[in-house]
file upload04.txt (compact mmCIF, C-alpha atoms)
# COMPACT_ATOMS: atom_id res chain seq x y z
CA MET Y 1 -66.37 145.17 87.81
CA PRO Y 2 -67.49 144.13 84.33
CA LEU Y 3 -65.05 143.62 81.48
CA LYS Y 4 -65.87 146.16 78.78
CA PHE Y 5 -64.50 146.42 75.31
CA THR Y 6 -65.64 146.92 71.74
CA VAL Y 7 -66.06 143.97 69.41
CA ASN Y 8 -66.59 144.60 65.73
CA GLY Y 9 -67.82 148.08 66.49
CA SER Y 10 -70.26 147.13 69.25
CA PRO Y 11 -69.58 147.68 72.95
CA VAL Y 12 -69.79 144.60 75.16
CA SER Y 13 -69.89 144.30 78.94
CA LEU Y 14 -69.29 140.95 80.61
CA GLU Y 15 -69.58 139.96 84.25
CA ASP Y 16 -67.53 137.33 86.06
CA VAL Y 17 -64.66 136.96 83.64
CA PRO Y 18 -61.78 135.24 85.47
CA GLY Y 19 -58.40 136.96 85.28
CA GLU Y 20 -56.80 133.99 83.58
CA ALA Y 21 -59.49 133.66 80.87
CA THR Y 22 -58.07 134.18 77.41
CA LEU Y 23 -59.57 136.60 74.92
CA LEU Y 24 -60.10 133.56 72.68
CA GLU Y 25 -62.33 131.86 75.27
CA VAL Y 26 -64.36 134.97 75.90
CA LEU Y 27 -64.88 135.65 72.19
CA ARG Y 28 -65.94 132.09 71.45
CA GLU Y 29 -67.72 131.02 74.59
CA ARG Y 30 -69.28 134.21 75.88
CA LEU Y 31 -69.82 136.10 72.64
CA ASP Y 32 -70.36 133.19 70.20
CA LEU Y 33 -67.81 134.55 67.76
CA LEU Y 34 -66.90 131.16 66.35
CA GLY Y 35 -64.85 132.57 63.49
CA VAL Y 36 -62.06 132.81 66.05
CA LYS Y 37 -60.51 129.33 66.01
CA GLU Y 38 -58.47 127.53 68.61
CA GLY Y 39 -55.71 125.55 66.95
CA CYS Y 40 -52.66 125.01 69.11
CA GLY Y 41 -53.62 127.19 72.06
CA VAL Y 42 -50.02 128.27 72.60
CA GLY Y 43 -49.44 130.97 70.00
CA GLU Y 44 -47.85 128.88 67.26
CA CYS Y 45 -50.56 128.49 64.62
CA GLY Y 46 -52.35 131.85 64.36
CA ALA Y 47 -55.85 130.35 63.91
CA CYS Y 48 -57.04 132.51 66.83
CA THR Y 49 -55.68 135.75 65.36
CA VAL Y 50 -57.81 138.84 65.97
CA LEU Y 51 -57.04 142.54 65.65
CA LEU Y 52 -56.58 144.40 68.93
CA ASP Y 53 -56.65 148.12 68.23
CA GLY Y 54 -55.80 147.20 64.64
CA GLN Y 55 -52.80 144.97 65.39
CA ALA Y 56 -52.83 141.23 64.85
CA VAL Y 57 -52.51 139.29 68.11
CA ASN Y 58 -52.99 135.69 69.13
CA SER Y 59 -56.18 135.76 71.19
CA CYS Y 60 -55.04 132.56 72.92
CA LEU Y 61 -52.07 134.44 74.39
CA ILE Y 62 -54.01 137.48 75.54
CA ALA Y 63 -55.87 137.65 78.80
CA ALA Y 64 -59.40 138.84 78.08
CA TRP Y 65 -58.86 141.68 80.55
CA GLN Y 66 -56.01 143.00 78.43
CA ALA Y 67 -58.74 144.02 75.96
CA GLN Y 68 -60.44 146.26 78.54
CA ASP Y 69 -61.51 149.56 76.86
CA ARG Y 70 -59.92 148.47 73.59
CA GLU Y 71 -61.19 147.52 70.20
CA VAL Y 72 -61.29 143.92 68.99
CA THR Y 73 -61.97 142.92 65.40
CA THR Y 74 -62.80 139.35 64.43
CA VAL Y 75 -63.57 137.97 60.99
CA GLU Y 76 -67.29 138.40 61.76
CA GLY Y 77 -66.77 142.16 61.75
CA LEU Y 78 -65.45 142.41 58.19
CA ALA Y 79 -68.40 141.86 55.86
CA HIS Y 80 -71.16 144.41 55.38
CA GLY Y 81 -74.34 142.35 55.38
CA ARG Y 82 -73.91 139.87 52.55
CA GLU Y 83 -71.15 141.86 50.93
CA LEU Y 84 -67.77 140.39 51.75
CA HIS Y 85 -64.80 142.55 52.69
CA PRO Y 86 -62.44 142.92 49.71
CA MET Y 87 -59.86 140.71 51.42
CA GLN Y 88 -62.44 137.99 52.11
CA GLN Y 89 -63.62 138.25 48.52
CA ALA Y 90 -60.06 137.87 47.27
CA PHE Y 91 -59.54 134.73 49.39
CA ALA Y 92 -62.75 133.24 48.02
CA GLU Y 93 -61.89 134.02 44.41
CA THR Y 94 -58.34 132.75 44.39
CA GLY Y 95 -58.99 129.36 45.99
CA ALA Y 96 -57.08 130.41 49.09
CA VAL Y 97 -59.61 128.61 51.26
CA GLN Y 98 -59.63 124.85 51.52
CA CYS Y 99 -60.70 123.50 54.92
CA GLY Y 100 -61.09 127.08 56.08
CA PHE Y 101 -59.81 126.67 59.63
CA CYS Y 102 -56.87 129.02 59.19
CA THR Y 103 -58.74 131.48 56.97
CA PRO Y 104 -60.10 133.95 59.55
CA GLY Y 105 -56.63 134.32 61.08
CA MET Y 106 -55.00 134.60 57.64
CA ILE Y 107 -57.40 137.35 56.61
CA LEU Y 108 -56.93 139.35 59.82
CA SER Y 109 -53.13 139.07 59.65
CA SER Y 110 -53.35 140.20 56.01
CA LEU Y 111 -55.37 143.24 57.04
CA ASP Y 112 -52.80 144.17 59.66
CA LEU Y 113 -50.13 143.91 56.95
CA VAL Y 114 -51.91 146.04 54.38
CA SER Y 115 -52.70 148.67 56.99
CA GLN Y 116 -48.92 149.09 57.34
CA GLU Y 117 -47.93 148.34 53.76
CA PRO Y 118 -50.71 148.85 51.21
CA ASP Y 119 -48.73 147.23 48.38
CA PRO Y 120 -46.85 144.31 49.90
CA GLY Y 121 -44.55 142.09 47.86
CA GLU Y 122 -44.50 138.32 48.07
CA SER Y 123 -41.74 138.11 50.66
CA GLU Y 124 -43.44 140.70 52.87
CA ILE Y 125 -46.68 138.75 52.66
CA ARG Y 126 -44.97 135.47 53.50
CA ARG Y 127 -43.19 137.03 56.43
CA ALA Y 128 -46.33 138.75 57.73
CA LEU Y 129 -48.25 135.48 57.55
CA SER Y 130 -45.49 133.33 59.02
CA GLY Y 131 -47.42 133.14 62.29
CA ASN Y 132 -50.43 131.66 60.49
CA LEU Y 133 -50.17 128.00 59.59
CA CYS Y 134 -52.16 126.36 56.80
CA ARG Y 135 -52.05 122.59 56.32
CA CYS Y 136 -54.05 122.55 53.08
CA THR Y 137 -53.13 125.13 50.52
CA GLY Y 138 -49.36 125.24 50.37
CA TYR Y 139 -49.72 129.02 50.80
CA HIS Y 140 -49.34 129.88 47.13
CA ASP Y 141 -52.97 130.85 46.62
CA ILE Y 142 -53.05 132.65 49.95
CA VAL Y 143 -50.23 134.90 48.82
CA ARG Y 144 -52.12 135.58 45.59
CA ALA Y 145 -55.25 136.35 47.58
CA VAL Y 146 -53.46 138.90 49.75
CA ARG Y 147 -52.02 140.62 46.69
CA ARG Y 148 -55.42 140.75 45.08
CA GLY Y 149 -57.12 141.91 48.29
CA ALA Y 150 -54.48 144.60 48.80
CA GLN Y 151 -54.96 145.78 45.24
CA ARG Y 152 -58.73 146.09 45.71
CA LEU Y 153 -58.23 147.95 48.95
CA ARG Y 154 -55.98 150.39 47.09
CA GLY Y 155 -58.89 150.93 44.75
CA GLU Y 156 -57.31 149.18 41.76
CA GLY Y 157 -58.70 146.32 39.68
CA SER Y 158 -57.07 142.93 40.12
CA GLU Y 159 -54.32 141.68 37.87
CA SER Y 160 -54.59 137.92 38.44
CA MET M 1 -59.51 131.75 89.58
CA SER M 2 -57.30 134.82 89.36
CA ARG M 3 -58.28 138.41 89.82
CA PHE M 4 -56.93 140.89 87.27
CA VAL M 5 -55.90 144.48 87.85
CA SER M 6 -54.60 147.05 85.38
CA PRO M 7 -52.83 149.63 87.52
CA ALA M 8 -52.71 153.12 86.06
CA SER M 9 -49.54 154.15 87.87
CA LEU M 10 -46.32 152.56 89.05
CA ASP M 11 -47.26 153.12 92.70
CA GLU M 12 -50.52 151.25 92.23
CA ALA M 13 -48.68 148.48 90.40
CA LEU M 14 -46.11 148.11 93.16
CA GLU M 15 -48.84 147.94 95.76
CA ALA M 16 -50.70 145.26 93.79
CA GLN M 17 -47.51 143.36 93.11
CA SER M 18 -46.67 143.19 96.82
CA GLN M 19 -49.86 141.28 97.62
CA ALA M 20 -49.47 137.57 98.32
CA GLY M 21 -49.97 135.45 95.21
CA ALA M 22 -49.54 138.35 92.78
CA GLN M 23 -48.07 137.68 89.35
CA ALA M 24 -46.93 140.40 86.98
CA LEU M 25 -48.18 140.20 83.40
CA ALA M 26 -46.20 142.18 80.82
CA GLY M 27 -47.28 141.12 77.32
CA GLY M 28 -48.47 137.74 78.52
CA THR M 29 -47.19 135.68 75.59
CA ASP M 30 -45.14 133.38 77.83
CA LEU M 31 -47.25 133.68 80.97
CA MET M 32 -50.56 132.78 79.32
CA VAL M 33 -49.03 129.53 78.02
CA THR M 34 -47.84 128.69 81.52
CA LEU M 35 -51.26 129.47 82.97
CA ARG M 36 -52.93 127.35 80.33
CA LYS M 37 -50.73 124.37 81.25
CA ALA M 38 -51.46 124.92 84.94
CA ARG M 39 -55.20 125.03 84.30
CA LEU M 40 -55.17 121.87 82.22
CA SER M 41 -53.20 119.98 84.85
CA GLY M 42 -55.17 121.33 87.82
CA GLY M 43 -52.21 123.40 88.95
CA GLN M 44 -52.37 126.51 91.04
CA MET M 45 -53.36 129.86 89.58
CA PRO M 46 -51.93 133.16 90.78
CA LYS M 47 -54.36 134.98 93.06
CA LEU M 48 -53.83 138.23 91.26
CA LEU M 49 -52.61 139.10 87.77
CA VAL M 50 -51.04 142.54 87.64
CA ASP M 51 -51.16 143.97 84.11
CA LEU M 52 -48.09 146.13 83.52
CA SER M 53 -48.88 146.93 79.89
CA ARG M 54 -50.62 150.25 80.56
CA LEU M 55 -47.92 151.78 82.73
CA LEU M 56 -46.42 154.82 81.05
CA GLU M 57 -43.43 154.45 83.37
CA LEU M 58 -42.47 151.32 81.42
CA GLN M 59 -42.76 152.93 77.98
CA ARG M 60 -39.80 155.30 78.15
CA LEU M 61 -37.50 155.51 75.17
CA ASN M 62 -34.42 157.66 75.18
CA LEU M 63 -31.82 157.00 72.52
CA GLU M 64 -30.84 160.55 71.70
CA GLY M 65 -29.11 161.69 74.88
CA GLY M 66 -25.93 160.41 76.41
CA ALA M 67 -27.72 157.81 78.55
CA PRO M 68 -29.61 155.47 76.26
CA TYR M 69 -32.59 153.83 77.91
CA LEU M 70 -35.36 151.46 76.85
CA GLY M 71 -38.55 150.96 78.87
CA ALA M 72 -39.38 147.39 79.85
CA GLY M 73 -42.87 147.70 78.40
CA LEU M 74 -41.79 148.38 74.83
CA THR M 75 -43.03 145.66 72.52
CA PHE M 76 -40.86 143.80 70.05
CA ARG M 77 -43.05 145.13 67.27
CA PHE M 78 -42.20 148.65 68.37
CA LEU M 79 -38.51 147.84 68.72
CA GLU M 80 -38.17 146.21 65.29
CA SER M 81 -39.68 149.19 63.49
CA ASN M 82 -38.94 152.32 65.50
CA PRO M 83 -36.52 154.42 63.39
CA LEU M 84 -34.37 155.43 66.36
CA VAL M 85 -33.94 151.83 67.46
CA THR M 86 -33.16 150.57 63.97
CA GLU M 87 -30.64 153.37 63.48
CA ARG M 88 -28.89 153.35 66.86
CA LEU M 89 -29.35 149.77 68.03
CA PRO M 90 -29.61 147.70 64.85
CA LEU M 91 -28.66 144.49 66.64
CA LEU M 92 -31.59 144.92 69.01
CA ALA M 93 -33.96 145.78 66.16
CA ARG M 94 -32.84 142.60 64.36
CA ALA M 95 -33.27 140.53 67.50
CA ALA M 96 -36.74 142.02 68.05
CA ALA M 97 -37.74 141.21 64.46
CA SER M 98 -36.71 137.59 64.97
CA VAL M 99 -38.96 137.00 67.99
CA GLY M 100 -41.99 134.78 67.31
CA SER M 101 -44.60 135.97 64.83
CA VAL M 102 -46.14 139.39 64.14
CA GLN M 103 -48.91 138.43 66.56
CA VAL M 104 -46.44 137.61 69.34
CA ARG M 105 -44.34 140.71 68.70
CA SER M 106 -47.45 142.92 68.90
CA THR M 107 -47.75 142.15 72.61
CA ALA M 108 -44.51 140.57 73.87
CA THR M 109 -42.24 143.04 75.66
CA LEU M 110 -38.56 143.45 76.28
CA GLY M 111 -39.09 143.38 80.05
CA GLY M 112 -41.18 140.24 79.84
CA ASN M 113 -38.49 138.57 77.76
CA VAL M 114 -35.95 139.31 80.50
CA ALA M 115 -38.16 138.39 83.44
CA ASN M 116 -39.12 135.09 81.80
CA ALA M 117 -35.40 134.41 81.29
CA SER M 118 -35.68 131.69 78.68
CA PRO M 119 -32.19 130.54 77.70
CA ALA M 120 -33.28 131.03 74.06
CA ALA M 121 -34.58 134.59 74.51
CA ASP M 122 -33.47 136.74 71.56
CA GLY M 123 -33.99 140.04 73.37
CA LEU M 124 -31.76 138.91 76.18
CA THR M 125 -28.79 138.15 73.96
CA ALA M 126 -29.11 141.57 72.38
CA LEU M 127 -29.39 143.34 75.73
CA VAL M 128 -26.30 141.59 77.11
CA CYS M 129 -24.35 142.82 74.07
CA LEU M 130 -25.55 146.35 74.84
CA ASP M 131 -24.30 145.97 78.43
CA ALA M 132 -27.80 146.54 79.74
CA VAL M 133 -28.41 147.32 83.39
CA ALA M 134 -31.97 146.70 84.54
CA GLU M 135 -33.69 149.38 86.58
CA ILE M 136 -35.93 147.60 89.05
CA ALA M 137 -38.58 149.13 91.32
CA SER M 138 -40.06 147.74 94.52
CA PRO M 139 -41.76 149.22 97.57
CA ARG M 140 -38.23 149.49 99.03
CA GLY M 141 -37.05 151.80 96.25
CA ALA M 142 -35.10 151.32 93.02
CA ARG M 143 -32.12 149.10 92.35
CA HIS M 144 -29.92 148.65 89.32
CA CYS M 145 -28.73 145.25 88.25
CA PRO M 146 -26.62 144.18 85.25
CA LEU M 147 -28.38 141.48 83.26
CA ALA M 148 -25.61 138.98 83.89
CA GLU M 149 -26.41 139.20 87.60
CA LEU M 150 -30.18 139.40 87.17
CA ILE M 151 -30.45 136.14 85.27
CA THR M 152 -28.94 133.25 87.17
CA ALA M 153 -30.16 130.12 85.35
CA PRO M 154 -32.78 129.11 82.78
CA TYR M 155 -36.05 130.78 83.85
CA GLN M 156 -34.44 131.96 87.09
CA THR M 157 -33.79 135.55 88.08
CA THR M 158 -32.92 137.44 91.23
CA LEU M 159 -36.17 139.39 90.92
CA ASP M 160 -38.16 139.41 94.13
CA LEU M 161 -41.87 138.75 93.92
CA ASP M 162 -42.70 142.38 94.59
CA GLU M 163 -40.23 143.82 92.09
CA ILE M 164 -41.01 145.26 88.67
CA ILE M 165 -38.47 145.89 85.90
CA LEU M 166 -38.87 149.47 84.71
CA GLY M 167 -36.38 149.44 81.89
CA PHE M 168 -32.79 149.09 80.81
CA ALA M 169 -29.92 151.53 80.81
CA LEU M 170 -27.64 150.69 77.89
CA SER M 171 -23.97 151.17 77.11
CA PRO M 172 -24.03 150.51 73.39
CA PRO M 173 -20.80 150.12 71.46
CA PRO M 174 -19.63 153.32 69.72
CA ASP M 175 -20.65 152.60 66.14
CA PRO M 176 -24.07 151.17 65.20
CA ALA M 177 -22.67 150.14 61.80
CA GLY M 178 -20.53 147.49 63.52
CA GLN M 179 -23.44 145.58 65.03
CA ALA M 180 -24.84 142.24 63.93
CA PHE M 181 -27.41 139.78 65.24
CA LEU M 182 -27.77 136.28 63.92
CA LYS M 183 -30.12 133.47 64.82
CA VAL M 184 -30.37 129.81 63.93
CA GLY M 185 -33.70 128.04 64.39
CA ARG M 186 -35.54 125.13 62.84
CA ARG M 187 -37.12 127.44 60.31
CA GLY M 188 -36.69 130.98 59.09
CA GLU M 189 -39.59 132.58 60.95
CA VAL M 190 -41.47 131.88 64.19
CA ALA M 191 -38.57 129.83 65.46
CA VAL M 192 -37.13 129.30 68.90
CA ALA M 193 -33.40 130.02 68.71
CA ARG M 194 -31.11 127.00 68.63
CA LEU M 195 -28.43 129.57 68.93
CA ASN M 196 -28.40 133.31 68.71
CA LEU M 197 -25.50 135.64 68.53
CA ALA M 198 -25.02 139.37 68.98
CA VAL M 199 -21.72 140.97 68.08
CA ALA M 200 -20.41 144.52 67.96
CA LEU M 201 -17.11 145.82 66.63
CA ASP M 202 -15.58 149.27 66.53
CA ARG M 203 -13.03 150.54 64.04
CA ASP M 204 -10.15 150.37 66.50
CA MET M 205 -11.11 146.90 67.69
CA ALA M 206 -10.92 148.43 71.17
CA ASP M 207 -14.23 147.17 72.57
CA PRO M 208 -15.27 144.04 70.68
CA ARG M 209 -18.34 142.30 72.06
CA VAL M 210 -19.47 138.78 71.33
CA VAL M 211 -22.54 137.32 73.04
CA LEU M 212 -23.74 133.78 72.46
CA GLY M 213 -27.24 132.77 73.53
CA SER M 214 -29.29 129.61 73.59
CA CYS M 215 -26.11 127.59 74.11
CA PHE M 216 -25.53 128.18 77.81
CA PRO M 217 -27.93 128.38 80.75
CA THR M 218 -27.87 132.16 80.28
CA PRO M 219 -26.55 134.31 77.43
CA ARG M 220 -22.96 135.25 78.02
CA ARG M 221 -20.25 137.47 76.67
CA LEU M 222 -17.37 135.36 75.48
CA ALA M 223 -14.47 137.04 77.25
CA ASP M 224 -11.79 134.88 75.66
CA VAL M 225 -13.12 135.54 72.16
CA GLU M 226 -13.32 139.25 72.89
CA GLY M 227 -9.74 139.07 74.19
CA LEU M 228 -8.61 137.50 70.93
CA LEU M 229 -10.31 140.22 68.88
CA LYS M 230 -9.20 143.16 70.97
CA GLY M 231 -6.60 145.22 69.10
CA ALA M 232 -6.18 142.49 66.46
CA ALA M 233 -6.05 143.12 62.71
CA PRO M 234 -9.55 142.59 61.29
CA GLU M 235 -9.42 139.91 58.61
CA PRO M 236 -11.27 136.73 57.64
CA ALA M 237 -8.71 134.48 59.34
CA LEU M 238 -9.40 136.28 62.62
CA TRP M 239 -13.15 135.78 62.30
CA GLN M 240 -12.58 132.08 61.69
CA LYS M 241 -10.28 131.77 64.68
CA ALA M 242 -12.78 133.63 66.86
CA GLY M 243 -15.48 131.20 65.72
CA GLU M 244 -13.35 128.21 66.67
CA LEU M 245 -12.61 129.72 70.05
CA ALA M 246 -16.32 130.40 70.66
CA ALA M 247 -17.11 126.77 69.87
CA SER M 248 -14.40 125.45 72.14
CA HIS M 249 -15.70 127.69 74.91
CA PHE M 250 -19.11 126.09 74.38
CA THR M 251 -17.77 122.56 74.78
CA ASP M 252 -15.65 123.61 77.77
CA VAL M 253 -18.76 124.87 79.56
CA CYS M 254 -21.38 122.43 78.41
CA GLY M 255 -19.36 119.30 77.63
CA TRP M 256 -19.86 117.26 74.47
CA ARG M 257 -23.62 116.80 74.75
CA SER M 258 -25.74 115.33 71.96
CA SER M 259 -26.41 118.68 70.32
CA ALA M 260 -22.68 119.47 70.07
CA ASP M 261 -22.26 117.60 66.75
CA TYR M 262 -24.46 120.27 65.31
CA LYS M 263 -23.74 123.20 67.54
CA VAL M 264 -19.93 123.20 67.34
CA PRO M 265 -19.76 123.78 63.58
CA ALA M 266 -22.80 126.06 63.76
CA ILE M 267 -21.23 128.25 66.46
CA THR M 268 -17.93 128.36 64.57
CA ARG M 269 -19.48 129.46 61.30
CA CYS M 270 -22.11 131.77 62.76
CA THR M 271 -19.58 133.59 64.93
CA ALA M 272 -17.26 134.08 61.96
CA GLN M 273 -20.15 135.19 59.81
CA ALA M 274 -21.54 137.64 62.37
CA LEU M 275 -18.10 139.20 62.89
CA SER M 276 -17.51 139.44 59.18
CA ARG M 277 -20.91 141.09 58.74
CA ALA M 278 -20.23 143.55 61.57
CA TRP M 279 -16.86 144.54 60.08
CA SER M 280 -18.32 144.87 56.59
CA GLY M 281 -20.95 147.17 58.08
CA LEU M 282 -18.24 149.39 59.49
CA GLU M 283 -16.34 149.43 56.18
CA ALA M 284 -19.49 150.25 54.23
CA ALA M 285 -20.28 153.11 56.61
CA SER M 286 -16.84 154.70 56.36

call {"tool": "encode", "arguments": {"input": "upload04.txt", "output": "structure tokens"}}
result
Amino acid sequence: MPLKFTVNGSPVSLEDVPGEATLLEVLRERLDLLGVKEGCGVGECGACTVLLDGQAVNSCLIAAWQAQDREVTTVEGLAHGRELHPMQQAFAETGAVQCGFCTPGMILSSLDLVSQEPDPGESEIRRALSGNLCRCTGYHDIVRAVRRGAQRLRGEGSES
Amino acid sequence: MSRFVSPASLDEALEAQSQAGAQALAGGTDLMVTLRKARLSGGQMPKLLVDLSRLLELQRLNLEGGAPYLGAGLTFRFLESNPLVTERLPLLARAAASVGSVQVRSTATLGGNVANASPAADGLTALVCLDAVAEIASPRGARHCPLAELITAPYQTTLDLDEIILGFALSPPPDPAGQAFLKVGRRGEVAVARLNLAVALDRDMADPRVVLGSCFPTPRRLADVEGLLKGAAPEPALWQKAGELAASHFTDVCGWRSSADYKVPAITRCTAQALSRAWSGLEAAS
């Protein structure tokens, strides 16, 4: 039986996926979605974060088969052509990206947050992103980026 | 290489789970790490992974009747935010919110937390304080087992290979306002508990409950501390004395191991603080 799920709006069907394969492996190695990063591999760093039916999960801790008939969103699914998603744009503008390894996970966790809380405060943002580690930025600009991205998604101009 | 099945009903799940080499997968957040280690070291893989996450039988939630019940498949993310849970079982909601990260809580389940039986499991400490009795299904029928009997040692349970935890019947203390959960880890978020503590008080001090986790092989109710509190006059000196008794219970059981220099004062202060918080909650609610 093939493994079927939707990735970034497109249905996929994959043969011969072992039961123990992680969603991370399948996304990277079978579907070439290299925006999904493997950092620690044990659910500590959040670099592999994707949205599963809209909720942030660590794709390294999910068996690929757990995604059967569900919807997966990776960072590749956010932009429309060359137009960045407002949250991506906010990260780019605020200097929230340095080496970039944590960025896809940060952005997807941020989108999960703003889907629950469209106007999050600093402490909510820090708590929501506590499962995403960044070794470069010191987080300050990431928090600013999320506020700015959230503001744009609410249809307001940005304040900072 | 493992096969993977997602049974649509409990009967199908029990049948799958009774096959040789079957391994239940609840949320997977502990199991997938174990499987990863096994793969990297050439260890053995389960023949069959049985996904329990789609079983409606494990998603039951009943907190409004006289027999409160939580399905084993409820995720920590659900438990930390569901209004009924936060209102009726605040100590469990707090424990759920302290598990891992958002990403982990999105998939990790209460039943998985129990079956994995980590000595640092936050859900477990909360459930012991709620006097949880696990409802367990197998091809032989259902059985009911208090958590203290289900979990025998770190990562050890009396669960048979073909058994599945369906959920937990709870006997919560009378007043939600008197509940508190407290956790100490190396950092504020995404931390494994160095110690966790669930306490519940009622206005009459008739049924005080104090559960200390991550300090013993399994979370335990501190009977001597509860004995001290029972019927006593609630006041700061009592909380302090209870804290000291909790710490001395710890050293009695575990001896003066290297972590005791830290844990003894931490247990003393955290116990006193949790009790004080629980009593303040009751006073504020009255």

call {"tool": "interface_residues", "arguments": {"input": "upload04.txt", "of": "chain M", "to": "chain Y", "cutoff": "6 Å", "atoms": "only C-alpha atoms", "output": "list in words"}}
result
Met1, Ser2, Arg3, Phe4, Thr29, Met32, Val33, Ser101 and Gln103 of chain M

call {"tool": "axis_aligned_box", "arguments": {"input": "upload04.txt", "around": "region 120-125 of chain M", "padding_each_side": "5 Å", "output": "AutoDock Vina command-line options"}}
result
--center_x -31.7 --center_y 135.5 --center_z 73.9 --size_x 15.8 --size_y 19.0 --size_z 14.6

call {"tool": "closest_residue", "arguments": {"input": "upload04.txt", "among": "M:Gln179, M:Ser258, M:Gln17, M:Ser98", "to": "Val192 (chain M)", "atoms": "only C-alpha atoms"}}
result
M:Ser98

call {"tool": "residues_around", "arguments": {"input": "upload04.txt", "residues": "Glu122 (chain Y)", "least_positions_apart": "2", "cutoff": "9 Å", "atoms": "only C-alpha atoms", "output": "NGL selection string"}}
result
:Y and (120 or 124-127 or 143-144 or 147)

call {"tool": "atom_distance", "arguments": {"input": "upload04.txt", "atom1": "CA of Leu197 (chain M)", "atom2": "CA of Trp239 (chain M)"}}
result
13.8 Å

call {"tool": "atom_distance", "arguments": {"input": "upload04.txt", "atom1": "CA of Glu189 (chain M)", "atom2": "CA of Ile142 (chain Y)"}}
result
17.4 Å

call {"tool": "residues_around", "arguments": {"input": "upload04.txt", "residues": "Leu84 (chain Y)", "least_positions_apart": "5", "cutoff": "12 Å", "atoms": "all atoms listed in the file", "output": "list of chain:residue names"}}
result
Y:Val75, Y:Glu76, Y:Gly77, Y:Leu78, Y:Ala79, Y:Gln89, Y:Ala90, Y:Phe91, Y:Ala92, Y:Glu93, Y:Ile107, Y:Gly149

call {"tool": "closest_atom_pairs", "arguments": {"input": "upload04.txt", "of": "region 117-140 of chain M", "to": "region 56-62 of chain M", "cutoff": "12 Å", "atoms": "only C-alpha atoms", "output": "CSV"}}
result
residue,atom,partner,partner_atom,distance
M:Ala134,CA,M:Leu58,CA,11.9
M:Glu135,CA,M:Leu58,CA,10.4
M:Ile136,CA,M:Leu58,CA,10.7
M:Ala137,CA,M:Glu57,CA,10.7

call {"tool": "closest_residue", "arguments": {"input": "upload04.txt", "among": "Y:Asp119, Y:Glu156, Y:Asp69, Y:Glu25", "to": "Cys48 (chain Y)", "atoms": "all atoms listed in the file"}}
result
Y:Glu25

call {"tool": "atom_distance", "arguments": {"input": "upload04.txt", "atom1": "CA of Cys129 (chain M)", "atom2": "CA of Ala198 (chain M)"}}
result
6.2 Å

call {"tool": "decode", "arguments": {"input": "upload04.txt", "residues": "region 79-90 of chain Y", "atoms": "N, CA and C atoms", "output": "compact mmCIF listing (two decimals), in the first residue's frame"}}
result
# COMPACT_ATOMS: atom_id res chain seq x y z
N ALA Y 79 5.67 30.54 -0.04
CA ALA Y 79 5.73 31.65 -1.00
C ALA Y 79 4.79 31.38 -2.18
N HIS Y 80 4.33 32.48 -2.80
CA HIS Y 80 3.60 32.34 -4.05
C HIS Y 80 4.54 32.80 -5.16
N GLY Y 81 5.07 31.86 -5.92
CA GLY Y 81 6.04 32.22 -6.94
C GLY Y 81 7.23 32.93 -6.30
N ARG Y 82 7.51 34.12 -6.72
CA ARG Y 82 8.63 34.87 -6.16
C ARG Y 82 8.19 35.78 -5.02
N GLU Y 83 6.92 35.73 -4.72
CA GLU Y 83 6.43 36.59 -3.64
C GLU Y 83 6.45 35.84 -2.32
N LEU Y 84 7.27 36.33 -1.40
CA LEU Y 84 7.40 35.64 -0.11
C LEU Y 84 6.10 35.74 0.70
N HIS Y 85 5.90 34.77 1.55
CA HIS Y 85 4.81 34.82 2.53
C HIS Y 85 5.12 35.99 3.48
N PRO Y 86 4.10 36.65 4.00
CA PRO Y 86 4.35 37.81 4.88
C PRO Y 86 5.28 37.47 6.05
N MET Y 87 5.20 36.26 6.58
CA MET Y 87 6.08 35.91 7.69
C MET Y 87 7.53 35.76 7.20
N GLN Y 88 7.70 35.17 6.03
CA GLN Y 88 9.06 35.07 5.47
C GLN Y 88 9.63 36.46 5.21
N GLN Y 89 8.78 37.31 4.64
CA GLN Y 89 9.20 38.67 4.33
C GLN Y 89 9.65 39.39 5.61
N ALA Y 90 8.88 39.19 6.67
CA ALA Y 90 9.21 39.85 7.94
C ALA Y 90 10.55 39.34 8.48
